[in-house]
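Coordinates from target_15.csv are shown below (CSV, C-alpha atoms).
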chain,number,residue,atom,x,y,z
A,19,ARG,CA,-52.4,81.1,107.8
A,20,VAL,CA,-53.7,77.9,109.5
A,21,ASP,CA,-51.3,75.8,107.5
A,22,LEU,CA,-48.5,78.1,108.6
A,23,HIS,CA,-49.3,77.4,112.2
A,24,ALA,CA,-49.5,73.6,111.5
A,25,ILE,CA,-46.1,73.7,109.8
A,26,ASP,CA,-44.7,75.7,112.7
A,27,ALA,CA,-46.1,73.1,115.1
A,28,THR,CA,-44.3,70.5,113.0
A,29,LEU,CA,-41.1,72.4,113.6
A,30,LEU,CA,-41.6,72.6,117.3
A,31,ILE,CA,-42.6,69.0,117.6
A,32,SER,CA,-39.7,67.8,115.4
A,33,THR,CA,-37.3,69.6,117.8
A,34,GLN,CA,-39.0,68.0,120.8
A,35,VAL,CA,-38.6,64.5,119.2
A,36,TRP,CA,-35.0,65.3,118.5
A,37,THR,CA,-34.3,66.1,122.1
A,38,ALA,CA,-36.7,63.7,123.9
A,39,THR,CA,-35.3,60.8,125.7
A,40,ARG,CA,-38.2,59.3,127.6
A,41,PRO,CA,-40.6,57.1,125.6
A,42,SER,CA,-43.7,58.9,126.9
A,43,SER,CA,-42.3,62.2,125.7
A,44,ILE,CA,-41.7,60.8,122.3
A,45,GLN,CA,-45.2,59.3,122.1
A,46,LEU,CA,-46.8,62.6,123.1
A,47,ALA,CA,-44.7,64.5,120.6
A,48,LEU,CA,-45.6,62.1,117.8
A,49,LEU,CA,-49.3,62.3,118.7
A,50,ALA,CA,-49.2,66.1,118.4
A,51,TRP,CA,-47.2,65.7,115.2
A,52,GLY,CA,-49.9,63.6,113.7
A,53,VAL,CA,-52.5,66.3,114.4
A,54,ALA,CA,-50.3,68.9,112.8
A,55,TYR,CA,-49.7,66.7,109.8
A,56,GLY,CA,-53.5,66.1,109.4
A,57,ILE,CA,-54.2,69.8,109.4
A,58,SER,CA,-51.4,70.5,106.9
A,59,ASP,CA,-52.4,67.6,104.6
A,60,SER,CA,-56.1,68.6,104.4
A,61,GLY,CA,-55.4,72.3,104.3
A,62,VAL,CA,-52.8,72.2,101.6
A,63,SER,CA,-55.1,69.9,99.5
A,64,THR,CA,-58.0,72.3,99.9
A,65,LEU,CA,-56.1,75.4,99.1
A,66,THR,CA,-54.6,73.7,96.0
A,67,VAL,CA,-58.0,72.8,94.7
A,68,TRP,CA,-59.3,76.4,95.3
A,69,ARG,CA,-56.2,78.2,94.1
A,70,TRP,CA,-56.8,78.3,90.4
A,71,GLY,CA,-60.6,79.1,90.1
A,72,ASN,CA,-61.7,77.9,86.6
A,73,ASP,CA,-58.2,76.8,85.4
A,74,ASN,CA,-58.6,73.0,85.5
A,75,ARG,CA,-55.2,72.5,83.9
A,76,ARG,CA,-53.3,74.4,86.5
A,77,ARG,CA,-55.2,72.7,89.3
A,78,ARG,CA,-54.6,69.3,87.8
A,79,ILE,CA,-50.9,69.9,87.6
A,80,ASP,CA,-50.6,71.3,91.1
A,81,ILE,CA,-52.6,68.4,92.7
A,82,ALA,CA,-50.4,65.9,90.7
A,83,LEU,CA,-47.2,67.6,92.0
A,84,LEU,CA,-48.6,67.6,95.6
A,85,ASN,CA,-49.2,63.9,95.5
A,86,ALA,CA,-45.9,63.2,93.9
A,87,GLY,CA,-44.2,65.1,96.7
A,88,PHE,CA,-46.1,63.1,99.3
A,89,THR,CA,-44.8,59.8,97.7
A,90,VAL,CA,-41.2,61.1,97.3
A,91,GLY,CA,-41.3,62.2,101.0
A,92,ALA,CA,-42.6,58.8,102.1
A,93,LEU,CA,-39.8,57.1,100.3
A,94,LEU,CA,-37.1,59.5,101.6
A,95,GLY,CA,-38.3,59.6,105.2
A,96,PRO,CA,-37.4,56.0,106.2
A,97,THR,CA,-34.0,56.5,104.6
A,98,LEU,CA,-33.3,59.6,106.6
A,99,VAL,CA,-34.4,58.0,109.8
A,100,ALA,CA,-32.3,54.9,109.1
A,101,ALA,CA,-29.2,57.1,108.6
A,102,SER,CA,-30.0,59.0,111.7
A,103,LEU,CA,-30.1,55.8,113.7
A,104,GLN,CA,-26.9,54.5,112.2
A,105,TRP,CA,-24.9,57.7,112.8
A,106,ASN,CA,-26.4,58.6,116.1
A,107,THR,CA,-24.7,61.3,118.1
A,108,ALA,CA,-23.2,60.7,121.5
A,109,SER,CA,-26.0,62.7,123.1
A,110,GLY,CA,-28.6,60.4,121.6
A,111,HIS,CA,-30.2,63.2,119.5
A,112,ARG,CA,-32.1,62.1,116.4
A,113,TRP,CA,-30.8,64.5,113.8
A,114,ALA,CA,-33.3,63.3,111.2
A,115,PHE,CA,-36.0,65.2,113.0
A,116,LEU,CA,-33.8,68.3,113.2
A,117,VAL,CA,-33.5,68.1,109.4
A,118,ILE,CA,-37.3,68.0,109.1
A,119,ALA,CA,-37.6,71.0,111.5
A,120,ALA,CA,-35.1,72.9,109.3
A,121,LEU,CA,-37.2,72.2,106.2
A,122,ALA,CA,-40.3,73.3,108.1
A,123,VAL,CA,-38.6,76.6,108.9
A,124,ILE,CA,-37.8,77.2,105.2
A,125,GLU,CA,-41.3,76.4,104.2
A,126,CYS,CA,-42.8,78.7,106.8
A,127,PHE,CA,-40.6,81.5,105.7
A,128,TYR,CA,-41.3,81.0,102.0
A,129,LEU,CA,-45.1,80.9,102.5
A,130,GLY,CA,-45.0,83.9,104.8
A,131,ILE,CA,-43.4,86.2,102.3
A,132,GLN,CA,-45.8,85.3,99.5
A,133,PRO,CA,-48.2,88.1,98.6
A,134,ALA,CA,-51.9,87.5,99.2
A,135,THR,CA,-53.7,86.5,96.0
A,136,GLN,CA,-57.1,88.0,95.4
A,137,LEU,CA,-59.5,85.4,94.2
A,138,PRO,CA,-61.7,86.1,91.2
A,139,LEU,CA,-65.2,87.5,91.4
A,140,CYS,CA,-68.3,85.3,91.1
A,141,PRO,CA,-70.8,86.2,88.3
A,142,ALA,CA,-73.2,87.8,90.8
A,143,ASP,CA,-70.4,90.0,92.2
A,144,LYS,CA,-69.4,91.1,88.7
A,145,LYS,CA,-72.9,92.1,87.8
A,146,ARG,CA,-73.3,94.1,91.0
A,147,ASP,CA,-70.0,95.8,90.5
A,148,ALA,CA,-70.7,96.7,86.9
A,149,ASP,CA,-74.1,98.2,87.8
A,150,SER,CA,-72.8,100.1,90.8
A,151,PRO,CA,-71.9,103.8,90.4
A,152,GLY,CA,-68.4,104.1,89.0
A,153,GLY,CA,-68.3,100.4,88.3
A,154,HIS,CA,-65.7,99.0,85.9
A,155,GLY,CA,-67.4,96.0,84.5
A,156,GLY,CA,-66.3,93.5,87.2
A,157,ASP,CA,-63.0,95.1,88.1
A,158,GLY,CA,-63.5,94.6,91.8
A,159,ALA,CA,-60.0,95.8,92.7
A,160,SER,CA,-60.6,99.2,91.2
A,161,SER,CA,-64.3,99.8,91.9
A,162,GLY,CA,-64.5,98.5,95.4
A,163,GLY,CA,-66.3,95.3,94.4
A,164,LYS,CA,-66.5,92.6,97.0
A,165,PHE,CA,-64.3,89.6,96.3
A,166,SER,CA,-65.9,86.2,96.9
A,167,PRO,CA,-64.2,84.0,99.4
A,168,GLN,CA,-64.0,81.1,96.9
A,169,PRO,CA,-63.4,80.8,93.1
A,170,PRO,CA,-66.5,81.1,90.8
A,171,ARG,CA,-67.0,77.4,90.1
A,172,LEU,CA,-66.7,76.6,93.8
A,173,LEU,CA,-69.5,78.9,94.9
A,174,LYS,CA,-72.9,77.7,95.7
A,175,SER,CA,-74.3,81.0,94.3
A,176,TYR,CA,-72.8,80.1,91.0
A,177,TYR,CA,-75.3,77.3,90.7
A,178,GLU,CA,-78.4,79.2,91.8
A,179,VAL,CA,-81.2,78.8,89.4
A,180,LYS,CA,-84.7,80.3,89.0
A,181,HIS,CA,-86.7,77.2,89.8
A,182,ALA,CA,-86.6,75.1,92.9
A,183,GLU,CA,-86.8,71.9,90.9
A,184,GLU,CA,-83.6,72.7,89.0
A,185,SER,CA,-81.9,73.7,92.2
A,186,LYS,CA,-82.8,70.3,93.8
A,187,ARG,CA,-81.5,68.5,90.8
A,188,ARG,CA,-78.2,70.2,91.0
A,189,ARG,CA,-77.9,69.5,94.7
A,190,ARG,CA,-78.5,65.8,94.0
A,191,TYR,CA,-75.9,65.9,91.3
A,192,ASP,CA,-73.3,67.6,93.5
A,193,CYS,CA,-74.0,65.2,96.4
A,194,GLY,CA,-74.0,62.1,94.2
A,195,PHE,CA,-70.8,63.1,92.4
A,196,ILE,CA,-68.9,63.7,95.7
A,197,THR,CA,-70.3,60.4,97.1
A,198,ALA,CA,-69.0,58.5,94.0
A,199,MET,CA,-65.6,60.2,94.2
A,200,SER,CA,-65.4,59.4,97.9
A,201,LEU,CA,-66.2,55.7,97.4
A,202,ILE,CA,-63.5,55.6,94.6
A,203,ASN,CA,-61.1,57.2,97.1
A,204,LEU,CA,-61.9,54.6,99.7
A,205,CYS,CA,-61.4,51.7,97.3
A,206,VAL,CA,-58.2,53.0,95.8
A,207,THR,CA,-56.5,53.9,99.1
A,208,GLY,CA,-57.7,50.7,100.6
A,209,CYS,CA,-56.2,48.6,97.8
A,210,GLU,CA,-53.0,50.7,97.9
A,211,HIS,CA,-52.4,50.2,101.7
A,212,GLY,CA,-53.8,46.8,101.8
A,213,LEU,CA,-51.4,45.4,99.2
A,214,ALA,CA,-48.5,47.4,100.6
A,215,THR,CA,-49.1,46.0,104.0
A,216,TRP,CA,-49.7,42.4,103.1
A,217,LEU,CA,-47.9,41.7,99.9
A,218,SER,CA,-44.8,40.3,101.5
A,219,PRO,CA,-46.7,38.0,104.0
A,220,TYR,CA,-49.0,36.8,101.1
A,221,GLY,CA,-46.0,35.8,98.9
A,222,ILE,CA,-44.2,34.2,101.9
A,223,GLU,CA,-47.2,32.2,103.3
A,224,GLN,CA,-49.2,31.5,100.1
A,225,GLY,CA,-46.4,31.2,97.5
A,226,HIS,CA,-43.6,30.0,99.8
A,227,LEU,CA,-41.3,32.8,98.5
A,228,SER,CA,-38.3,34.0,100.4
A,229,GLU,CA,-38.3,37.2,102.5
A,230,GLU,CA,-35.6,38.7,100.3
A,231,ARG,CA,-37.6,38.2,97.1
A,232,MET,CA,-40.8,39.6,98.6
A,233,ALA,CA,-38.9,42.6,100.1
A,234,PHE,CA,-37.6,43.3,96.6
A,235,MET,CA,-41.1,43.0,95.1
A,236,SER,CA,-42.5,45.4,97.7
A,237,SER,CA,-39.8,47.9,96.9
A,238,VAL,CA,-40.7,47.6,93.2
A,239,TYR,CA,-44.3,48.1,94.1
A,240,TRP,CA,-43.5,51.4,95.9
A,241,GLY,CA,-41.1,52.4,93.2
A,242,VAL,CA,-43.7,51.9,90.4
A,243,MET,CA,-46.2,54.0,92.4
A,244,CYS,CA,-43.7,56.8,92.9
A,245,ALA,CA,-42.7,56.8,89.2
A,246,GLY,CA,-46.4,56.8,88.2
A,247,ARG,CA,-47.2,59.8,90.3
A,248,VAL,CA,-44.2,61.7,89.0
A,249,GLY,CA,-45.2,60.7,85.5
A,250,TRP,CA,-48.7,62.0,86.0
A,251,ALA,CA,-47.3,65.3,87.3
A,252,ILE,CA,-45.4,65.6,84.0
A,253,ILE,CA,-48.3,64.7,81.6
A,254,SER,CA,-51.2,66.2,83.6
A,255,GLY,CA,-50.8,69.6,81.9
A,256,MET,CA,-50.8,68.0,78.4
A,257,ILE,CA,-54.3,66.6,78.6
A,258,THR,CA,-57.7,68.2,78.5
A,259,SER,CA,-59.6,65.9,80.8
A,260,THR,CA,-58.8,63.8,83.9
A,261,TRP,CA,-61.5,61.1,83.1
A,262,PRO,CA,-59.4,58.9,80.8
A,263,MET,CA,-56.6,58.7,83.4
A,264,LEU,CA,-59.1,57.8,86.2
A,265,PHE,CA,-60.5,55.0,84.1
A,266,PHE,CA,-57.0,53.7,83.3
A,267,ASP,CA,-56.2,53.7,87.0
A,268,VAL,CA,-59.3,51.9,88.1
A,269,ILE,CA,-59.0,49.3,85.4
A,270,MET,CA,-55.3,48.7,86.1
A,271,CYS,CA,-56.2,48.2,89.8
A,272,LEU,CA,-59.0,45.8,88.9
A,273,LEU,CA,-56.8,43.8,86.6
A,274,GLY,CA,-54.0,43.6,89.2
A,275,ALA,CA,-56.5,42.5,91.9
A,276,THR,CA,-57.8,39.8,89.5
A,277,MET,CA,-54.3,38.6,89.0
A,278,ILE,CA,-54.0,38.1,92.8
A,279,LEU,CA,-57.1,36.0,92.7
A,280,LEU,CA,-55.5,34.0,89.9
A,281,CYS,CA,-52.5,33.4,92.3
A,282,GLY,CA,-54.8,31.6,94.6
A,283,VAL,CA,-55.9,29.3,91.8
A,284,VAL,CA,-52.5,28.2,90.4
A,285,ASP,CA,-50.2,25.9,92.3
A,286,SER,CA,-48.4,28.0,94.9
A,287,ARG,CA,-45.3,25.9,94.4
A,288,GLY,CA,-45.4,26.1,90.7
A,289,GLN,CA,-43.5,28.3,88.3
A,290,MET,CA,-46.4,30.6,87.5
A,291,PHE,CA,-47.2,31.9,91.0
A,292,GLU,CA,-44.3,34.4,91.3
A,293,PRO,CA,-44.7,35.9,87.7
A,294,ILE,CA,-48.4,36.4,88.2
A,295,LEU,CA,-47.8,38.1,91.6
A,296,TRP,CA,-45.2,40.3,90.0
A,297,VAL,CA,-47.7,41.4,87.3
A,298,SER,CA,-50.3,42.0,90.0
A,299,ALA,CA,-48.0,44.2,92.1
A,300,VAL,CA,-46.8,46.3,89.2
A,301,GLY,CA,-50.4,46.7,87.9
A,302,VAL,CA,-51.8,47.8,91.2
A,303,GLY,CA,-48.9,50.1,91.9
A,304,LEU,CA,-49.4,51.8,88.5
A,305,GLY,CA,-53.1,52.0,89.0
A,306,VAL,CA,-53.1,53.6,92.4
A,307,ALA,CA,-50.3,56.0,91.5
A,308,SER,CA,-52.5,58.8,89.9
A,309,ALA,CA,-55.9,57.7,91.1
A,310,LEU,CA,-55.9,59.9,94.2
A,311,PRO,CA,-54.9,63.2,92.4
A,312,CYS,CA,-57.4,62.4,89.7
A,313,VAL,CA,-60.2,62.1,92.3
A,314,TYR,CA,-59.3,65.5,93.7
A,315,SER,CA,-59.1,67.1,90.3
A,316,LEU,CA,-62.4,65.9,88.8
A,317,PRO,CA,-65.1,67.7,90.9
A,318,PRO,CA,-64.2,71.2,89.7
A,319,GLU,CA,-63.8,69.8,86.2
A,320,ALA,CA,-67.3,68.4,86.5
A,321,GLN,CA,-68.6,71.7,87.8
A,322,VAL,CA,-69.1,70.4,91.3
A,323,PRO,CA,-68.4,72.8,94.2
A,324,MET,CA,-65.4,71.6,96.3
A,325,THR,CA,-66.6,72.9,99.7
A,326,PRO,CA,-64.8,72.2,102.9
A,327,LEU,CA,-67.4,69.5,103.7
A,328,SER,CA,-66.7,67.9,100.3
A,329,MET,CA,-62.9,67.9,101.0
A,330,ALA,CA,-63.5,66.5,104.5
A,331,MET,CA,-65.7,63.7,103.0
A,332,LEU,CA,-63.0,62.8,100.5
A,333,ASN,CA,-60.3,62.8,103.1
A,334,ALA,CA,-62.4,60.8,105.6
A,335,MET,CA,-63.2,58.1,103.1
A,336,ALA,CA,-59.5,57.8,102.1
A,337,THR,CA,-58.6,57.4,105.8
A,338,VAL,CA,-61.3,54.7,106.2
A,339,GLY,CA,-59.8,52.8,103.3
A,340,GLU,CA,-56.3,53.1,104.7
A,341,ILE,CA,-57.4,51.6,108.0
A,342,PHE,CA,-60.2,49.2,107.1
A,343,PHE,CA,-58.5,47.2,104.3
A,344,PRO,CA,-55.3,46.3,106.1
A,345,TYR,CA,-57.2,45.5,109.3
A,346,VAL,CA,-59.7,43.2,107.6
A,347,ILE,CA,-57.0,41.5,105.5
A,348,GLY,CA,-54.8,41.0,108.6
A,349,LEU,CA,-57.7,39.3,110.4
A,350,ALA,CA,-58.2,37.0,107.4
A,351,PHE,CA,-54.5,36.1,107.2
A,352,GLY,CA,-54.6,35.2,110.9
A,353,GLN,CA,-57.2,32.6,109.9
A,354,LYS,CA,-55.2,31.5,106.9
A,355,ALA,CA,-57.8,32.9,104.6
A,356,PHE,CA,-55.4,34.3,102.0
A,357,TRP,CA,-58.0,34.5,99.3
A,358,VAL,CA,-59.5,37.5,101.1
A,359,LEU,CA,-56.7,39.8,99.7
A,360,GLY,CA,-57.6,39.3,96.1
A,361,SER,CA,-61.3,39.1,96.7
A,362,LEU,CA,-61.6,42.3,98.7
A,363,MET,CA,-59.4,44.2,96.3
A,364,SER,CA,-61.3,42.9,93.2
A,365,GLY,CA,-64.7,43.6,94.7
A,366,SER,CA,-63.8,47.1,95.8
A,367,MET,CA,-62.3,48.0,92.4
A,368,GLY,CA,-65.4,46.7,90.7
A,369,VAL,CA,-67.4,49.1,92.8
A,370,ALA,CA,-65.0,51.9,92.0
A,371,LEU,CA,-65.4,51.2,88.3
A,372,VAL,CA,-69.2,51.3,88.5
A,373,MET,CA,-69.0,54.6,90.5
A,374,ALA,CA,-66.6,56.1,88.0
A,375,VAL,CA,-68.9,55.2,85.1
A,376,CYS,CA,-72.0,56.6,86.9
A,377,ALA,CA,-70.2,59.9,87.8
A,378,TRP,CA,-68.9,60.3,84.3
A,379,ARG,CA,-72.3,59.8,82.7
A,380,ALA,CA,-73.9,62.2,85.1
A,381,SER,CA,-71.3,64.9,84.5
A,382,ILE,CA,-71.6,64.8,80.7
A,383,SER,CA,-75.1,66.4,80.6
A,384,VAL,CA,-74.2,68.9,83.2
A,385,VAL,CA,-70.9,70.1,81.6
A,386,PHE,CA,-72.3,70.3,78.1
A,387,SER,CA,-75.5,72.1,79.3
A,388,ARG,CA,-73.5,75.1,80.6
Now that the file is in, can you turn its structure into structure tokens?
Amino acid sequence: RVDLHAIDATLLISTQVWTATRPSSIQLALLAWGVAYGISDSGVSTLTVWRWGNDNRRRRIDIALLNAGFTVGALLGPTLVAASLQWNTASGHRWAFLVIAALAVIECFYLGIQPATQLPLCPADKKRDADSPGGHGGDGASSGGKFSPQPPRLLKSYYEVKHAEESKRRRRYDCGFITAMSLINLCVTGCEHGLATWLSPYGIEQGHLSEERMAFMSSVYWGVMCAGRVGWAIISGMITSTWPMLFFDVIMCLLGATMILLCGVVDSRGQMFEPILWVSAVGVGLGVASALPCVYSLPPEAQVPMTPLSMAMLNAMATVGEIFFPYVIGLAFGQKAFWVLGSLMSGSMGVALVMAVCAWRASISVVFSR
């Protein structure tokens, strides 16, 4: 129900922004809106990961749909606001926020009428329920068995072993896997937002391209990203593992970042600069499209518990990447050090590739041993 409250807060804040006239009121409303969005973003992602228990296919599809929805909303939002500004009412109300508030009402109502879903029993609960008087072999609903608060593969008790050494080894594996996924998240989101922020200034300053051409290139970059996430949502249910897609994403980002480095080598006024930059933008856009949903889908597939702390770590590292990369690149551009864009992206995606290989190798022995 926490997410319902966050969505409800979005409704109230949207209405406040719609009616506000003073800049301070709008700023305060937007600050509160950011808090509500943060709760909804993390909460919905966590619930989506936990929802399907051991069903990796359904989880993979839902996470892909969730991220595709984020991207579609990010593309439609500016269009809605632009239309609101163009056809503003005489009272000065911003009807785009009223539309968002109406959508929040519909979502709150729909989620509120959904029946509560009982999560599956963990193995220990099933055994206790079967051994109890009148037990029904794990049918917790009919025998009074206690339902676990999380799906089986997400429970710490699921990994309890007889020997302390084995338990320590599993904890090291879980911690190492989440750390690797978090670093991949940082690198991917950093490259995504770093290139999205500074692609146009890079082409204009380094390649002497016009603003119109770079605006079109930036639009194609976002379009490729959106198409990639929608495409991943379509094919995610047709595959048996997320690992091949993650490696494809990381390698595409690495190749695209390398092409940006190549842009700094060729003559900026020559004929090759713009085609190489186009290839780089499309490659990175395609690579970052499904990397984020892959990162959130892989821990349960690798039998790593997705605890709230794990989700918080993934989200925190993604936020660090979103902030750190554009800031550092911006500082470098202020000093005319345009080579930092390609260097930072290439280095970070090299780290992401190493982390992906290490996590994949560690998961093989664990998955096949169970």
(request) Select, from A:Ala370, A:Cys209, A:Ile253, A:Val385, the residue with the minimum atom-to-atom distance to Val346 (chain A), counting only C-alpha atoms. (result) A:Cys209
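Nearest residue to Ala92 (chain A), choosing from A:Gly241, A:Gly339, A:Pro323, A:Gly249 and counting only C-alpha atoms: A:Gly241.
A straight line drawn from CA of Val302 (chain A) to CA of Cys193 (chain A) is 28.7 Å long.
Straight-line separation from CA of Ala245 (chain A) to CA of Val117 (chain A): 24.9 Å.
Between CA of Ser381 (chain A) and CA of Pro318 (chain A) the separation is 10.8 Å.
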(request) Tell me, as a VMD selection string, which residues lie within 10 Å of region 289-297 of chain A, counting all atoms listed in the file; anything in the same chain fewer than 3 positions away does not count. (result) chain A and resid 217 220 to 221 224 to 227 231 to 232 235 to 236 238 to 239 273 to 275 277 to 286 300 to 303
Quick one: everything within 9 Å of Thr215 (chain A), counting all atoms listed in the file, minus sequence neighbours fewer than 5 positions away in the same chain. Send it as a PDB file with C-alpha atoms, in the coordinates of the input.
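Wrote out_39.pdb, looks like this:
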ATOM      1  CA  GLU A 210     -53.000  50.700  97.900  1.00  0.00           C
ATOM      2  CA  PRO A 344     -55.300  46.300 106.100  1.00  0.00           C
ATOM      3  CA  GLY A 348     -54.800  41.000 108.600  1.00  0.00           C
TER       4      GLY A 348
END
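Among the candidate residues A:Leu49, A:Met324, A:Met199, A:Ala309, the one lying nearest to Phe266 (chain A) is A:Ala309, with distances computed using all atoms listed in the file.
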